[in-house]
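Visitor: Structure file structure-v8.pdb, PDB, C-alpha atoms and all ligand atoms, is pasted below:
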ATOM      1  CA  MET A  20      18.434 -24.735  14.434
ATOM      2  CA  PRO A  21      14.921 -25.203  12.997
ATOM      3  CA  VAL A  22      12.593 -22.348  13.868
ATOM      4  CA  THR A  23       9.247 -23.226  15.442
ATOM      5  CA  PRO A  24       6.795 -22.298  12.666
ATOM      6  CA  ALA A  25       4.689 -19.245  13.475
ATOM      7  CA  PRO A  26       1.239 -19.501  11.905
ATOM      8  CA  PHE A  27       0.020 -16.881   9.456
ATOM      9  CA  ASP A  28      -2.052 -14.149  11.052
ATOM     10  CA  LEU A  29      -4.916 -14.455   8.594
ATOM     11  CA  VAL A  30      -7.021 -11.805  10.317
ATOM     12  CA  GLN A  31      -4.223  -9.268   9.947
ATOM     13  CA  ALA A  32      -3.606 -10.288   6.322
ATOM     14  CA  ALA A  33      -7.301 -10.149   5.383
ATOM     15  CA  ALA A  34      -7.678  -6.708   6.980
ATOM     16  CA  ALA A  35      -4.615  -5.376   5.175
ATOM     17  CA  LEU A  36      -5.513  -6.805   1.766
ATOM     18  CA  SER A  37      -9.325  -6.724   1.651
ATOM     19  CA  SER A  38      -9.606  -3.507  -0.350
ATOM     20  CA  GLY A  39      -6.653  -4.074  -2.693
ATOM     21  CA  PRO A  40      -6.436  -5.747  -6.117
ATOM     22  CA  ILE A  41      -4.478  -8.788  -4.891
ATOM     23  CA  GLY A  42      -5.429 -10.883  -1.857
ATOM     24  CA  HIS A  43      -8.926  -9.439  -1.336
ATOM     25  CA  THR A  44      -9.892 -13.106  -1.386
ATOM     26  CA  LEU A  45      -7.385 -15.091   0.633
ATOM     27  CA  THR A  46      -7.878 -18.829   0.929
ATOM     28  CA  TYR A  47      -5.528 -20.560   3.337
ATOM     29  CA  VAL A  48      -5.111 -24.322   3.452
ATOM     30  CA  GLU A  49      -2.754 -26.063   5.795
ATOM     31  CA  SER A  50      -1.773 -28.604   3.162
ATOM     32  CA  THR A  51      -2.393 -29.095  -0.556
ATOM     33  CA  PRO A  52      -0.635 -30.901  -3.396
ATOM     34  CA  SER A  53       0.013 -27.473  -4.934
ATOM     35  CA  THR A  54      -1.513 -24.007  -4.604
ATOM     36  CA  MET A  55      -1.455 -23.931  -8.429
ATOM     37  CA  LEU A  56      -4.189 -26.591  -8.421
ATOM     38  CA  LEU A  57      -6.415 -24.541  -6.129
ATOM     39  CA  ALA A  58      -6.081 -21.505  -8.356
ATOM     40  CA  ARG A  59      -6.731 -23.659 -11.436
ATOM     41  CA  GLU A  60      -9.989 -24.857  -9.889
ATOM     42  CA  TRP A  61     -10.984 -21.235  -9.370
ATOM     43  CA  ALA A  62     -10.054 -20.421 -12.974
ATOM     44  CA  ALA A  63     -12.343 -23.202 -14.228
ATOM     45  CA  GLY A  64     -15.353 -21.602 -12.496
ATOM     46  CA  SER A  65     -16.494 -18.014 -12.397
ATOM     47  CA  SER A  66     -17.256 -17.352  -8.735
ATOM     48  CA  VAL A  67     -13.757 -16.387  -7.575
ATOM     49  CA  ARG A  68     -12.594 -12.892  -8.475
ATOM     50  CA  SER A  69      -9.366 -12.043 -10.215
ATOM     51  CA  GLY A  70      -6.672 -11.291  -7.650
ATOM     52  CA  ALA A  71      -7.668 -14.118  -5.322
ATOM     53  CA  VAL A  72      -4.755 -15.771  -3.533
ATOM     54  CA  ALA A  73      -4.379 -19.442  -2.566
ATOM     55  CA  LEU A  74      -1.972 -19.809   0.351
ATOM     56  CA  ALA A  75      -0.646 -23.016   1.914
ATOM     57  CA  ASP A  76       1.624 -23.988   4.766
ATOM     58  CA  VAL A  77       2.872 -27.076   2.979
ATOM     59  CA  GLN A  78       2.589 -28.669  -0.480
ATOM     60  CA  SER A  79       2.872 -32.403  -1.094
ATOM     61  CA  ALA A  80       3.585 -31.919  -4.814
ATOM     62  CA  GLY A  81       4.887 -28.361  -5.074
ATOM     63  CA  ARG A  82       6.084 -27.717  -8.566
ATOM     64  CA  GLY A  83       8.703 -25.704 -10.367
ATOM     65  CA  ARG A  84       9.011 -25.173 -14.101
ATOM     66  CA  LEU A  85       9.566 -28.003 -16.592
ATOM     67  CA  SER A  86       8.137 -30.703 -14.295
ATOM     68  CA  ARG A  87      10.585 -29.879 -11.521
ATOM     69  CA  THR A  88       9.595 -29.905  -7.857
ATOM     70  CA  TRP A  89       9.482 -27.209  -5.190
ATOM     71  CA  GLU A  90      10.182 -28.362  -1.663
ATOM     72  CA  ALA A  91       9.610 -26.578   1.626
ATOM     73  CA  PRO A  92       8.891 -27.972   5.100
ATOM     74  CA  ALA A  93       5.535 -27.173   6.683
ATOM     75  CA  GLY A  94       5.153 -23.675   8.102
ATOM     76  CA  SER A  95       8.526 -22.422   6.908
ATOM     77  CA  ALA A  96       7.871 -20.696   3.612
ATOM     78  CA  LEU A  97       5.566 -18.454   1.655
ATOM     79  CA  LEU A  98       3.770 -20.657  -0.874
ATOM     80  CA  LEU A  99       1.012 -19.027  -2.858
ATOM     81  CA  SER A 100      -0.732 -18.742  -6.205
ATOM     82  CA  ILE A 101      -2.540 -15.695  -7.533
ATOM     83  CA  LEU A 102      -5.425 -16.015  -9.993
ATOM     84  CA  LEU A 103      -5.443 -13.309 -12.659
ATOM     85  CA  ARG A 104      -8.398 -13.417 -15.014
ATOM     86  CA  ASN A 105      -7.429 -12.199 -18.454
ATOM     87  CA  GLU A 106     -10.719 -10.447 -19.123
ATOM     88  CA  GLY A 107     -10.403  -8.199 -22.158
ATOM     89  CA  GLY A 108      -6.707  -9.128 -22.386
ATOM     90  CA  ALA A 109      -6.084  -7.173 -19.176
ATOM     91  CA  VAL A 110      -3.220  -9.351 -17.942
ATOM     92  CA  PRO A 111       0.296  -8.507 -19.208
ATOM     93  CA  LEU A 112       1.058 -12.193 -19.738
ATOM     94  CA  GLU A 113       4.646 -11.986 -20.959
ATOM     95  CA  ARG A 114       5.542  -9.473 -18.237
ATOM     96  CA  LEU A 115       4.228 -11.492 -15.281
ATOM     97  CA  PRO A 116       7.710 -12.810 -14.375
ATOM     98  CA  MET A 117       8.773  -9.143 -14.136
ATOM     99  CA  VAL A 118       5.793  -8.247 -11.934
ATOM    100  CA  ALA A 119       6.377 -11.224  -9.635
ATOM    101  CA  GLY A 120      10.152 -10.813  -9.466
ATOM    102  CA  LEU A 121       9.991  -7.114  -8.625
ATOM    103  CA  ALA A 122       7.248  -7.769  -6.069
ATOM    104  CA  MET A 123       9.389 -10.407  -4.345
ATOM    105  CA  LEU A 124      12.259  -7.933  -4.173
ATOM    106  CA  ASP A 125       9.950  -5.309  -2.642
ATOM    107  CA  ALA A 126       8.610  -7.776  -0.075
ATOM    108  CA  VAL A 127      12.106  -8.850   0.966
ATOM    109  CA  ALA A 128      13.252  -5.226   1.196
ATOM    110  CA  HIS A 129      10.248  -4.543   3.417
ATOM    111  CA  VAL A 130      11.097  -7.206   6.016
ATOM    112  CA  ALA A 131      14.875  -7.503   5.636
ATOM    113  CA  PRO A 132      16.268  -4.356   3.986
ATOM    114  CA  GLU A 133      19.814  -5.355   4.915
ATOM    115  CA  LEU A 134      19.795  -8.283   2.487
ATOM    116  CA  ASP A 135      21.351  -7.931  -0.948
ATOM    117  CA  ALA A 136      18.746  -9.382  -3.318
ATOM    118  CA  GLY A 137      18.536  -9.560  -7.095
ATOM    119  CA  LEU A 138      16.886 -11.518  -9.889
ATOM    120  CA  LYS A 139      18.265 -14.245 -12.093
ATOM    121  CA  TRP A 140      16.622 -14.569 -15.474
ATOM    122  CA  PRO A 141      13.961 -15.800 -15.911
ATOM    123  CA  ASN A 142      12.394 -16.478 -12.523
ATOM    124  CA  ASP A 143      14.763 -16.791  -9.569
ATOM    125  CA  LEU A 144      15.171 -14.541  -6.562
ATOM    126  CA  LEU A 145      18.773 -14.601  -5.344
ATOM    127  CA  ILE A 146      20.524 -13.362  -2.234
ATOM    128  CA  GLY A 147      24.260 -12.769  -1.931
ATOM    129  CA  ASP A 148      27.107 -10.290  -2.340
ATOM    130  CA  ASP A 149      28.404 -11.823  -5.550
ATOM    131  CA  PRO A 150      25.915 -12.774  -8.293
ATOM    132  CA  ALA A 151      28.093 -15.718  -9.364
ATOM    133  CA  THR A 152      27.777 -17.390  -5.953
ATOM    134  CA  ALA A 153      24.388 -15.993  -4.899
ATOM    135  CA  ARG A 154      21.850 -18.442  -3.536
ATOM    136  CA  LYS A 155      18.231 -19.002  -4.531
ATOM    137  CA  VAL A 156      15.678 -17.859  -1.985
ATOM    138  CA  GLY A 157      12.592 -17.882  -4.179
ATOM    139  CA  GLY A 158      11.102 -18.875  -7.505
ATOM    140  CA  ILE A 159       8.221 -17.966  -9.772
ATOM    141  CA  LEU A 160       5.989 -20.263 -11.781
ATOM    142  CA  ILE A 161       3.598 -18.734 -14.309
ATOM    143  CA  GLU A 162       0.904 -20.960 -15.777
ATOM    144  CA  SER A 163      -1.761 -20.100 -18.347
ATOM    145  CA  VAL A 164      -5.285 -21.451 -18.440
ATOM    146  CA  MET A 165      -6.539 -21.709 -22.018
ATOM    147  CA  VAL A 166     -10.043 -22.158 -23.342
ATOM    148  CA  GLY A 167     -10.510 -22.529 -27.099
ATOM    149  CA  GLY A 168      -6.961 -21.363 -27.812
ATOM    150  CA  ILE A 169      -7.361 -18.194 -25.740
ATOM    151  CA  VAL A 170      -5.619 -17.516 -22.430
ATOM    152  CA  THR A 171      -8.505 -16.865 -20.067
ATOM    153  CA  SER A 172      -6.475 -16.732 -16.862
ATOM    154  CA  ALA A 173      -2.903 -16.684 -15.674
ATOM    155  CA  ILE A 174      -1.763 -18.135 -12.398
ATOM    156  CA  VAL A 175       1.257 -16.635 -10.715
ATOM    157  CA  GLY A 176       2.903 -19.105  -8.336
ATOM    158  CA  ILE A 177       5.439 -17.796  -5.867
ATOM    159  CA  GLY A 178       7.606 -19.796  -3.486
ATOM    160  CA  LEU A 179       9.802 -17.905  -1.026
ATOM    161  CA  ASN A 180      12.032 -19.616   1.526
ATOM    162  CA  VAL A 181      11.471 -17.708   4.738
ATOM    163  CA  ASN A 182      12.289 -19.515   7.969
ATOM    164  CA  GLN A 183      13.959 -22.751   6.887
ATOM    165  CA  SER A 184      17.169 -23.567   8.723
ATOM    166  CA  ALA A 185      20.191 -24.495   6.595
ATOM    167  CA  ALA A 186      19.494 -28.177   7.321
ATOM    168  CA  GLU A 187      15.915 -27.857   6.086
ATOM    169  CA  LEU A 188      16.846 -26.564   2.634
ATOM    170  CA  PRO A 189      16.684 -29.010  -0.266
ATOM    171  CA  THR A 190      19.746 -30.445  -1.952
ATOM    172  CA  VAL A 191      19.839 -29.453  -5.609
ATOM    173  CA  GLU A 192      21.774 -30.613  -8.641
ATOM    174  CA  PRO A 193      23.961 -28.150 -10.573
ATOM    175  CA  PRO A 194      23.344 -25.989 -12.560
ATOM    176  CA  ALA A 195      20.518 -25.112 -10.118
ATOM    177  CA  ALA A 196      21.556 -22.340  -7.716
ATOM    178  CA  GLU A 197      22.242 -23.351  -4.115
ATOM    179  CA  PRO A 198      19.101 -22.770  -1.997
ATOM    180  CA  THR A 199      18.933 -20.452   0.980
ATOM    181  CA  SER A 200      16.247 -18.855   3.146
ATOM    182  CA  LEU A 201      15.703 -15.332   4.378
ATOM    183  CA  ALA A 202      16.264 -16.489   7.966
ATOM    184  CA  VAL A 203      19.588 -18.126   7.090
ATOM    185  CA  GLU A 204      20.726 -14.939   5.353
ATOM    186  CA  ALA A 205      19.364 -12.470   7.905
ATOM    187  CA  GLY A 206      20.287 -14.547  10.950
ATOM    188  CA  HIS A 207      16.832 -14.267  12.497
ATOM    189  CA  PRO A 208      13.289 -15.486  11.687
ATOM    190  CA  LEU A 209      11.026 -13.310   9.555
ATOM    191  CA  ASP A 210       7.304 -12.646   9.824
ATOM    192  CA  ARG A 211       5.528 -14.523   7.011
ATOM    193  CA  THR A 212       2.359 -12.446   7.424
ATOM    194  CA  GLU A 213       4.282  -9.197   6.862
ATOM    195  CA  LEU A 214       5.887 -10.744   3.799
ATOM    196  CA  LEU A 215       2.547 -11.955   2.452
ATOM    197  CA  ILE A 216       0.983  -8.517   2.812
ATOM    198  CA  ALA A 217       3.977  -6.717   1.289
ATOM    199  CA  LEU A 218       4.129  -9.201  -1.588
ATOM    200  CA  CYS A 219       0.438  -8.942  -2.501
ATOM    201  CA  ARG A 220       0.534  -5.144  -2.357
ATOM    202  CA  ALA A 221       3.651  -5.058  -4.502
ATOM    203  CA  VAL A 222       2.156  -7.407  -7.120
ATOM    204  CA  GLY A 223      -0.872  -5.105  -7.323
ATOM    205  CA  GLY A 224       1.404  -2.074  -7.687
ATOM    206  CA  HIS A 225       3.629  -3.525 -10.406
ATOM    207  CA  LEU A 226       0.598  -4.773 -12.364
ATOM    208  CA  GLN A 227      -0.388  -1.109 -12.695
ATOM    209  CA  SER A 228       3.009  -0.068 -14.109
ATOM    210  CA  ASP A 229       3.209   0.911 -17.731
ATOM    211  CA  PRO A 230       5.183  -1.648 -19.772
ATOM    212  CA  ALA A 231       8.284   0.491 -20.368
ATOM    213  CA  THR A 232       8.654   1.348 -16.678
ATOM    214  CA  LEU A 233       8.165  -2.266 -15.655
ATOM    215  CA  VAL A 234      10.765  -3.566 -18.114
ATOM    216  CA  ALA A 235      13.248  -0.855 -17.081
ATOM    217  CA  ARG A 236      12.825  -1.693 -13.388
ATOM    218  CA  TRP A 237      13.196  -5.406 -14.060
ATOM    219  CA  ARG A 238      16.272  -4.876 -16.224
ATOM    220  CA  SER A 239      17.891  -2.830 -13.441
ATOM    221  CA  ARG A 240      17.431  -5.661 -10.916
ATOM    222  CA  LEU A 241      18.539  -8.532 -13.169
ATOM    223  CA  TRP A 242      21.865  -9.797 -11.899
ATOM    224  CA  THR A 243      22.118 -11.859 -15.059
ATOM    225  CA  LEU A 244      22.851  -8.849 -17.273
ATOM    226  CA  GLY A 245      26.433  -7.990 -18.108
ATOM    227  CA  ARG A 246      27.598 -11.375 -16.880
ATOM    228  CA  PRO A 247      29.022 -14.462 -18.568
ATOM    229  CA  VAL A 248      26.311 -17.111 -18.560
ATOM    230  CA  VAL A 249      25.571 -20.588 -19.795
ATOM    231  CA  ALA A 250      22.080 -21.034 -21.197
ATOM    232  CA  HIS A 251      20.685 -24.542 -20.734
ATOM    233  CA  PHE A 252      17.879 -25.623 -23.034
ATOM    234  CA  GLY A 253      15.167 -28.233 -22.592
ATOM    235  CA  ASN A 254      16.789 -30.592 -25.140
ATOM    236  CA  GLY A 255      19.967 -30.830 -23.027
ATOM    237  CA  SER A 256      22.057 -28.468 -25.161
ATOM    238  CA  ALA A 257      23.864 -25.430 -23.696
ATOM    239  CA  THR A 258      25.376 -22.198 -25.019
ATOM    240  CA  ALA A 259      27.904 -19.963 -23.279
ATOM    241  CA  GLY A 260      28.034 -16.221 -23.829
ATOM    242  CA  LEU A 261      27.554 -12.793 -22.319
ATOM    243  CA  ALA A 262      24.051 -11.806 -21.173
ATOM    244  CA  VAL A 263      23.735  -8.371 -22.757
ATOM    245  CA  ASP A 264      20.064  -7.375 -22.580
ATOM    246  CA  VAL A 265      16.427  -8.389 -22.304
ATOM    247  CA  THR A 266      13.669  -7.684 -24.804
ATOM    248  CA  PRO A 267      10.419  -5.924 -23.814
ATOM    249  CA  ASP A 268       8.689  -9.311 -23.689
ATOM    250  CA  GLY A 269      11.302 -10.751 -21.343
ATOM    251  CA  ALA A 270      13.593 -12.772 -23.636
ATOM    252  CA  LEU A 271      17.297 -12.787 -22.718
ATOM    253  CA  ILE A 272      19.810 -11.678 -25.330
ATOM    254  CA  ILE A 273      23.105 -13.572 -25.185
ATOM    255  CA  GLU A 274      26.154 -12.607 -27.217
ATOM    256  CA  THR A 275      28.291 -15.603 -28.092
ATOM    257  CA  PRO A 276      32.122 -15.463 -28.320
ATOM    258  CA  GLU A 277      31.650 -15.563 -32.123
ATOM    259  CA  GLY A 278      29.645 -12.333 -31.924
ATOM    260  CA  ASP A 279      26.233 -13.891 -32.624
ATOM    261  CA  ARG A 280      23.248 -12.585 -30.670
ATOM    262  CA  LEU A 281      20.800 -15.212 -29.441
ATOM    263  CA  SER A 282      17.383 -14.405 -28.068
ATOM    264  CA  VAL A 283      16.457 -16.963 -25.409
ATOM    265  CA  SER A 284      12.819 -16.991 -24.375
ATOM    266  CA  ALA A 285      12.676 -20.260 -22.449
ATOM    267  CA  GLY A 286      15.274 -22.208 -20.526
ATOM    268  CA  ASP A 287      17.643 -21.638 -17.640
ATOM    269  CA  VAL A 288      20.863 -19.751 -17.288
ATOM    270  CA  SER A 289      23.632 -20.264 -14.807
ATOM    271  CA  LEU A 290      25.893 -17.380 -13.872
ATOM    272  CA  ARG A 291      29.625 -17.996 -14.236
ATOM    273  CA  ASN A 292      32.579 -16.365 -12.585
ATOM    274  CA  GLY A 293      34.889 -14.397 -14.888
TER
HETATM  275  C1  LIG B   1      10.831 -22.347  -9.714
HETATM  276  O1  LIG B   1      10.987 -23.351 -10.615
HETATM  277  O2  LIG B   1      11.714 -21.751  -9.150
HETATM  278  C2  LIG B   1       9.372 -22.021  -9.443
HETATM  279  C3  LIG B   1       8.974 -22.366  -8.045
HETATM  280  C4  LIG B   1       7.556 -21.981  -7.751
HETATM  281  C5  LIG B   1       7.069 -22.580  -6.470
HETATM  282  C6  LIG B   1       5.704 -22.056  -6.086
HETATM  283  S1  LIG B   1       5.288 -22.490  -4.475
HETATM  284  C7  LIG B   1       3.679 -21.936  -4.707
HETATM  285  C8  LIG B   1       3.275 -22.399  -6.089
HETATM  286  N1  LIG B   1       2.748 -23.754  -6.032
HETATM  287  C9  LIG B   1       3.554 -24.620  -6.674
HETATM  288  O3  LIG B   1       3.346 -25.847  -6.769
HETATM  289  N2  LIG B   1       4.608 -23.963  -7.212
HETATM  290  C10 LIG B   1       4.540 -22.540  -6.944
HETATM  291  P1  LIG B   1      12.396 -23.812 -11.215
HETATM  292  O4  LIG B   1      13.155 -22.642 -11.750
HETATM  293  O5  LIG B   1      12.051 -24.912 -12.153
HETATM  294  O6  LIG B   1      13.175 -24.335  -9.966
HETATM  295  C11 LIG B   1      12.934 -25.607  -9.442
HETATM  296  C12 LIG B   1      14.264 -26.111  -8.948
HETATM  297  O7  LIG B   1      14.663 -25.332  -7.796
HETATM  298  C13 LIG B   1      14.227 -27.557  -8.443
HETATM  299  O8  LIG B   1      14.517 -28.441  -9.492
HETATM  300  C14 LIG B   1      15.326 -27.559  -7.397
HETATM  301  O9  LIG B   1      16.599 -27.670  -8.013
HETATM  302  C15 LIG B   1      15.260 -26.173  -6.818
HETATM  303  N3  LIG B   1      14.433 -26.068  -5.615
HETATM  304  C16 LIG B   1      13.385 -26.832  -5.189
HETATM  305  N4  LIG B   1      12.878 -26.367  -4.047
HETATM  306  C17 LIG B   1      13.623 -25.275  -3.736
HETATM  307  C18 LIG B   1      13.593 -24.344  -2.667
HETATM  308  N5  LIG B   1      12.689 -24.424  -1.682
HETATM  309  N6  LIG B   1      14.512 -23.353  -2.671
HETATM  310  C19 LIG B   1      15.434 -23.223  -3.648
HETATM  311  N7  LIG B   1      15.506 -24.068  -4.692
HETATM  312  C20 LIG B   1      14.611 -25.084  -4.730
END
Before we go any further, please render this structure as structure tokens.
Guide:
Amino acid sequence: MPVTPAPFDLVQAAAALSSGPIGHTLTYVESTPSTMLLAREWAAGSSVRSGAVALADVQSAGRGRLSRTWEAPAGSALLLSILLRNEGGAVPLERLPMVAGLAMLDAVAHVAPELDAGLKWPNDLLIGDDPATARKVGGILIESVMVGGIVTSAIVGIGLNVNQSAAELPTVEPPAAEPTSLAVEAGHPLDRTELLIALCRAVGGHLQSDPATLVARWRSRLWTLGRPVVAHFGNGSATAGLAVDVTPDGALIIETPEGDRLSVSAGDVSLRNG
């Protein structure tokens, strides 16, 4: 049964986040094409501080990676983008998927510790007992803003399915993982404001981690590792193998049945049984 959307408690969120590195500036819009566009507008000017968060209740053109879409009914999800200004090269660009993925895990553990959550390389948050059949509850989209060949800002987009009913989840085409929401998995609605606060705090915390610690934490939560996978590439080709490791900059190492080791830095993987 669809849950009546509870609005964000923006006063509570602003009070909780005002003195931290992420969410000190919290701009809520009921509807936008995409929170990524709001953050991009901020990146083009100089008045909005790094760590500002654009939050929406619904997006008319929510986007995933590689021109894909992100769909969520109004008031059901956490949909936000974080502006990170790369002043002095301060932003760990290649490790942002690790920061965002670990922060999503922390936020979910905060509101629904009973759920079994893990990460699928490179940017999916999954819930389930068995990685091969786990469902996708959230995704990460990292975009760079470049000026004169230099990355001046990064924008971290996060979509987390919170209170959608099973009927409200989108239908996806394989090899995309079956969608789910926290409410479907937990059996009760979750507080989006609590999630927002926990997520922003966790992003701030993981941004402070030293690289080796961050990579080690990410590696330990990647359900992809040690599993047979199929890597799908942008040109339509695919390679099957065993996901054996990740590199410090986040590439996935796949060992093929012939014993070759491939380093995959962009693309998608699906997890296979057996
Ligand atoms: C992602 O892309 O998973 C990144 C999603 C990022 C969304 C956030 S929302 C806030 C911010 N503003 C935006 O406009 N975007 C970011 P990707 O791995 O390419 O996955 C996209 C695919 O996931 C789609 O092609 C569908 O198959 C599937 N999908 C779409 N909506 C979904 C949902 N709500 N839950 C689970 N899967 C979904």
Visitor: Counting only C-alpha atoms, figure out which residue out of A:Arg220, A:Thr232, A:Leu57, A:Thr243 gets nearest to Ile272 of chain A.
Guide: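 Of A:Arg220, A:Thr232, A:Leu57, A:Thr243, the one nearest Ile272 of chain A is A:Thr243, counting only C-alpha atoms.
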Visitor: Would you pick out the contacts of segment 135-141 of chain A at 7 Å or less, using all atoms listed in the file, so that residues sharing its chain but fewer than 5 positions from it are not included, and give the list as a list in words?
Guide: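 Residues meeting the cut-off are Gly120, Leu124, Ile146, Gly147, Asp148, Arg240, Leu241, Trp242, Thr243 and Val288 of chain A.
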Visitor: Can you list, as number ranges by chain, the residues that the PyMOL selection byres (((chain A and resi 257-265) around 8) and not hetatm) selects here?
Guide: A: 238, 243-252, 255-256, 266-276
Visitor: Taking all atoms of ligand LIG 1 (chain B) that the file lists and extending 3 Å past them on each side, where is the centre of the axis-aligned box and how long are its edges? Answer in Å to one decimal, as AutoDock Vina command-line options.
Guide:
--center_x 9.7 --center_y -25.1 --center_z -6.9 --size_x 19.9 --size_y 12.7 --size_z 16.5
Visitor: Quick one: which residues end up in the PyMOL selection byres (((chain A and resi 130) around 12) and not hetatm) for this structure, as number ranges by chain?
Guide: A: 123-129, 131-134, 181, 201-202, 205, 207-218
Visitor: To one decimal place in Å, what is the distance between atom CA of Pro40 of chain A and atom CA of Asn180 of chain A?
Guide: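 These two atoms are separated by 24.3 Å.
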Visitor: Which residue gives the smallest distance to Val170 of chain A among A:Pro92, A:Gly64, A:Pro111, A:Pro52, with all atoms listed in the file counted?
Guide: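 Counting all atoms listed in the file, the residue closest to Val170 of chain A is A:Pro111.
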Visitor: Give me, please, the distance in Å between atom CA of Glu204 of chain A and atom C4 of ligand LIG 1 (chain B), quoted to one decimal.
Guide: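 The value is 19.9 Å.
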Visitor: Which residues of segment 88-178 of chain A sit at most 8 Å from segment 67-73 of chain A, using only C-alpha atoms? Give each one's shortest atom pair and distance in Å (one decimal place), in chain and ascending residue order, as a Markdown table.
Guide:
| residue | atom | partner | partner_atom | distance |
| --- | --- | --- | --- | --- |
| A:Leu99 | CA | A:Ala73 | CA | 5.4 |
| A:Ser100 | CA | A:Ala73 | CA | 5.2 |
| A:Ile101 | CA | A:Val72 | CA | 4.6 |
| A:Leu102 | CA | A:Gly70 | CA | 5.4 |
| A:Leu103 | CA | A:Ser69 | CA | 4.8 |
| A:Arg104 | CA | A:Ser69 | CA | 5.1 |
Visitor: Give as an mmCIF file with C-alpha atoms, in the frame of the given file the set of residues within 7 Å of the point (8.0, -19.4, 6.8), where distances use the file's coordinates and all atoms listed in the file.
Guide:
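Dumped everything to selection-v1.cif:
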data_model
loop_
_atom_site.group_PDB
_atom_site.id
_atom_site.type_symbol
_atom_site.label_atom_id
_atom_site.label_comp_id
_atom_site.auth_asym_id
_atom_site.auth_seq_id
_atom_site.Cartn_x
_atom_site.Cartn_y
_atom_site.Cartn_z
ATOM 1 C CA PRO A 24 6.795 -22.298 12.666
ATOM 2 C CA GLY A 94 5.153 -23.675 8.102
ATOM 3 C CA SER A 95 8.526 -22.422 6.908
ATOM 4 C CA ALA A 96 7.871 -20.696 3.612
ATOM 5 C CA LEU A 97 5.566 -18.454 1.655
ATOM 6 C CA ASN A 180 12.032 -19.616 1.526
ATOM 7 C CA VAL A 181 11.471 -17.708 4.738
ATOM 8 C CA ASN A 182 12.289 -19.515 7.969
ATOM 9 C CA GLN A 183 13.959 -22.751 6.887
ATOM 10 C CA ARG A 211 5.528 -14.523 7.011
#
